[in-house]
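One structure below.
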Number of protein chains: 2
Amino acid sequence: MNKRELFAQIQEKKSFLCVGLDPVMENIPKHLLKYEDPILEFNKQLIDATKDLCVAYKPNTAFYESMGWKGWRTLTETWKYIPENIFTIADAKRGDIGNTSAMYAETFFNREKSEMGFDAVTVAPYMGEDSVGPFLNYKDKWVILLALTSNSGHKDFQVLETGGQKLYETVINTSSGWATADQLMYVVGATRAEEFKQVRKLAPDHFLLVPGVGAQGGSLADVCEYGLNDSCGLLVNSSRGIIYAGKGEDFAERAREEALKLQQEMEQILLSAELI
Amino acid sequence: MNKRELFAQIQEKKSFLCVGLDPVMENIPKHLLKYEDPILEFNKQLIDATKDLCVAYKPNTAFYESMGWKGWRTLTETWKYIPENIFTIADAKRGDIGNTSAMYAETFFNREKSEMGFDAVTVAPYMGEDSVGPFLNYKDKWVILLALTSNSGHKDFQVLETGGQKLYETVINTSSGWATADQLMYVVGATRAEEFKQVRKLAPDHFLLVPGVGAQGGSLADVCEYGLNDSCGLLVNSSRGIIYAGKGEDFAERAREEALKLQQEMEQILLSAELI
């Protein structure tokens, strides 16, 4: 999906919500345990309940890998179940030397080889340009590079001064020479709303993937005050706040309610910004 | 496997060789294609041919993931085939917020859940302490943190000045407060031999995982000149130079020959250093 199509989806659905599909067996409703693949059933019901309210789904690969190869199969089947008009993000935080990143690109983008064809993958910047390049060889596929993350550990390295600017700013500056805003997004945590202003100076046209709203404590209004641009430019993710909204047989309805609250808040924000 | 046991293995085998198991279907000998899982058969024969010459195996997860969920199953079966006295490294370059890194730790360390129980996993440092911590909750399991990598992209961020020292030096300094040399190693590329001296000042006791010998152009003698410590302190990896030494029916014998050359060179180095 290209940038124009993504913005068109946002306008049509009046939403820039991304739903994080990060299930753990211990937390899913008990009545699903009778299914052959309870996690897949959980995801399918969540997708059915929220697909008209969100523009993206973001499974985090860790949650699937932790269940071994069967979990990887669940990830594959989950990806296949997501409707084609919804942007799909493999939240994998990969990155390796060039010939190896090329393998990761096949993993997430080459449907014929891996049975999965996500629109985007999250990538860690530490290994530099040749670790990112192979992902950019796929038309209309995206790299979402970690810039400023939502966890406490962001303080260890991301905000270090590197020649007059912080490391995450250098990551944005340097990487914006590797690809345009048509293939590159950045991860900027919602818990750092005050720093969105600075990010937007460096990356005015890029989409930002924003985790940290909800369970991690970030505010949607704060994020949008500085983060919106003329193509919306934001994909705001909520995982636990939606998928675990209910723990009983009505979990999908509860998830829908939470997604609807966010979509309605987003609709107002898009209206105020005259983007719809 | 703990540090003492790892050094004992090195002394017994007179080797600090790590063999990288990074197969791609296009490059494996044609006569293996008749097997149900050609990659697994390739790995098994390589392991049989080299297991007395190396102390570690390091499958890079990208090569398995790129084949979809069946590839992940091949990785699992490969891990199971490696003898127990050999150190196993999941070269996965993972790292995420705390609750997600805990899932990655289960992936690679919790055999009951994922069917795999590697000794170590490579981790990218960008997300800081809480992205590394969950891996350290497993006794005698290791984090191998990226410090200075062997690819050209290491120049983009790893050598930036951050308050009087380069970023990779800050990564070593800061992270050495998170765990001792009994659970933490660093990746230091062999193509940067001149910088080993500096790394050893900051991390005198740690094991270093050294990729880049062979296909990537690094020299074993250069690495050892500065890298050896009193527990050896080095695991030197070779992947393509060994696993693709031959392309015919004798590929395993050719692989053994290349591994033997490295083992013999290592034996001389260990003798000279009076470590055996």
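Labeling convention for the structure tokens: chains A, B, ... as they appear, residues from 1 per chain, ligands from 1 in order of appearance.
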Exercise for review: May I ask you to extract the residues of chain A within 7 Å of chain B, using only C-alpha atoms, and to give them as a PyMOL selection string?
Suggested key: chain A and resi 62-63+65-69+72-73+93-95+97+100+103-104+106-107+113-115+126-131+149+151-154+156-158+160-163
For range 43-129 of chain B against range 203-225 of chain B, with a cut-off of 12 Å and counting only C-alpha atoms, what is the closest atom pair and its distance in Å to one decimal for every residue that makes the cut, ordered by chain and number, as JSON lines?
{"residue": "B:Ala56", "atom": "CA", "partner": "B:Leu209", "partner_atom": "CA", "distance": 10.4}
{"residue": "B:Tyr57", "atom": "CA", "partner": "B:Leu209", "partner_atom": "CA", "distance": 11.6}
{"residue": "B:Lys58", "atom": "CA", "partner": "B:Leu209", "partner_atom": "CA", "distance": 10.3}
{"residue": "B:Asn60", "atom": "CA", "partner": "B:Pro211", "partner_atom": "CA", "distance": 11.7}
{"residue": "B:Ile89", "atom": "CA", "partner": "B:Leu209", "partner_atom": "CA", "distance": 9.9}
{"residue": "B:Asp91", "atom": "CA", "partner": "B:Leu209", "partner_atom": "CA", "distance": 10.6}
{"residue": "B:Ala120", "atom": "CA", "partner": "B:Leu209", "partner_atom": "CA", "distance": 10.8}
{"residue": "B:Val121", "atom": "CA", "partner": "B:Leu209", "partner_atom": "CA", "distance": 11.1}
{"residue": "B:Thr122", "atom": "CA", "partner": "B:Leu209", "partner_atom": "CA", "distance": 9.4}
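Separating CA of Asn2 in chain A from CA of Gln263 in chain A is a distance of 21.9 Å.
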Review point. As a ChimeraX atom specification, which residues of range 90-193 of chain A does DSSP assign to helix (DSSP H, G or I)?
Key: /A:98-109,111-114,129-137,154-157,167-175,190-193
With C-alpha atoms retained, write the just-selected residues as a short mmCIF file (atom, residue, chain, number, x, y, z; two decimals), in the first residue's frame.
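The resulting out_37.cif:
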data_model
loop_
_atom_site.label_atom_id
_atom_site.label_comp_id
_atom_site.auth_asym_id
_atom_site.auth_seq_id
_atom_site.Cartn_x
_atom_site.Cartn_y
_atom_site.Cartn_z
CA GLY A 98 22.90 -6.57 4.15
CA ASN A 99 22.66 -10.16 2.95
CA THR A 100 20.82 -11.10 6.14
CA SER A 101 18.43 -8.15 6.10
CA ALA A 102 17.58 -9.31 2.59
CA MET A 103 16.39 -12.56 4.20
CA TYR A 104 14.27 -10.64 6.70
CA ALA A 105 12.78 -8.66 3.83
CA GLU A 106 11.79 -11.95 2.19
CA THR A 107 10.31 -13.10 5.49
CA PHE A 108 7.89 -10.23 5.75
CA PHE A 109 7.41 -9.01 2.17
CA ARG A 111 4.51 -13.81 -0.01
CA GLU A 112 5.58 -16.52 -2.44
CA LYS A 113 8.44 -17.58 -0.22
CA SER A 114 7.17 -17.01 3.31
CA GLU A 129 22.26 1.84 6.03
CA ASP A 130 23.00 -1.59 4.59
CA SER A 131 20.85 -3.17 7.29
CA VAL A 132 17.87 -1.11 6.08
CA GLY A 133 18.45 -1.02 2.32
CA PRO A 134 17.24 -4.53 1.41
CA PHE A 135 13.76 -3.78 2.76
CA LEU A 136 13.48 -0.83 0.36
CA ASN A 137 13.80 -2.98 -2.74
CA HIS A 154 15.07 4.98 25.51
CA LYS A 155 17.12 7.10 27.91
CA ASP A 156 20.18 4.87 27.67
CA PHE A 157 21.23 5.62 24.10
CA LEU A 167 21.01 10.16 18.67
CA TYR A 168 17.36 9.68 17.64
CA GLU A 169 17.54 12.98 15.74
CA THR A 170 20.70 11.79 13.98
CA VAL A 171 18.92 8.54 13.15
CA ILE A 172 16.10 10.51 11.52
CA ASN A 173 18.46 12.90 9.71
CA THR A 174 20.77 10.22 8.40
CA SER A 175 18.10 7.70 7.44
CA ALA A 190 3.49 8.50 22.60
CA THR A 191 4.99 8.81 26.04
CA ARG A 192 7.33 11.47 24.56
CA ALA A 193 4.66 13.88 23.27
#
Point to revise | Shell of 8 Å around Val55 in chain B, only C-alpha atoms, local chain residues under 6 positions omitted, as a list in words | key: Leu6, Gln9, Ile10, Lys13, Ser15, Phe16, Leu17, Cys18, Ile86 and Phe87 of chain B
Output N, CA and C atoms for every residue in that selection, as a short mmCIF file (atom, residue, chain, number, x, y, z; two decimals), in the first residue's frame.
data_model
loop_
_atom_site.label_atom_id
_atom_site.label_comp_id
_atom_site.auth_asym_id
_atom_site.auth_seq_id
_atom_site.Cartn_x
_atom_site.Cartn_y
_atom_site.Cartn_z
N LEU B 6 32.17 -23.13 29.27
CA LEU B 6 32.52 -22.74 27.90
C LEU B 6 34.04 -22.76 27.70
N GLN B 9 35.29 -26.27 27.41
CA GLN B 9 35.05 -26.81 26.06
C GLN B 9 36.12 -26.33 25.08
N ILE B 10 36.45 -25.05 25.22
CA ILE B 10 37.48 -24.47 24.34
C ILE B 10 38.82 -25.19 24.56
N LYS B 13 38.61 -28.89 23.16
CA LYS B 13 38.59 -29.00 21.69
C LYS B 13 39.71 -28.22 21.03
N SER B 15 39.87 -25.13 20.41
CA SER B 15 39.15 -24.39 19.37
C SER B 15 38.23 -23.37 20.01
N PHE B 16 38.13 -22.23 19.40
CA PHE B 16 37.08 -21.27 19.80
C PHE B 16 36.25 -20.89 18.58
N LEU B 17 36.08 -21.89 17.73
CA LEU B 17 35.34 -21.71 16.48
C LEU B 17 33.83 -21.82 16.70
N CYS B 18 33.12 -20.88 16.10
CA CYS B 18 31.66 -20.92 16.03
C CYS B 18 31.29 -21.08 14.56
N ILE B 86 27.71 -28.39 23.14
CA ILE B 86 28.08 -27.30 22.23
C ILE B 86 27.20 -26.09 22.50
N PHE B 87 27.85 -24.94 22.61
CA PHE B 87 27.19 -23.67 22.91
C PHE B 87 26.35 -23.26 21.69
#
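Near range 239-244 of chain A, within 8 Å and counting only C-alpha atoms, sit Val19, Gly20, Leu21, Asp22, Pro23, Asn27, Ile28, Leu46, Gly214, Ala215, Lys247, Phe251, Ala252, Arg254, Ala255, Arg256, Glu258 and Ala259 of chain A; same-chain residues fewer than 3 positions away were not included.
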**Study point:** Nearest candidate to Gly246 in chain B (options B:Arg4, B:Lys30, B:Lys80, B:Lys14; using only C-alpha atoms)
**Key:** B:Lys30
Practice item. Would you mind writing down, as a PyMOL selection string, each residue of range 7-131 of chain B that DSSP on the backbone assigns to strand (DSSP E or B)? Key: chain B and resi 17-21+56-60+87-94+120-123
Review point. How many Å separate CA of Pro83 in chain B from CA of Tyr186 in chain B?
Key: 24.1 Å
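Going from CA of Leu145 in chain A over to CA of Val188 in chain A, you cover 9.2 Å.
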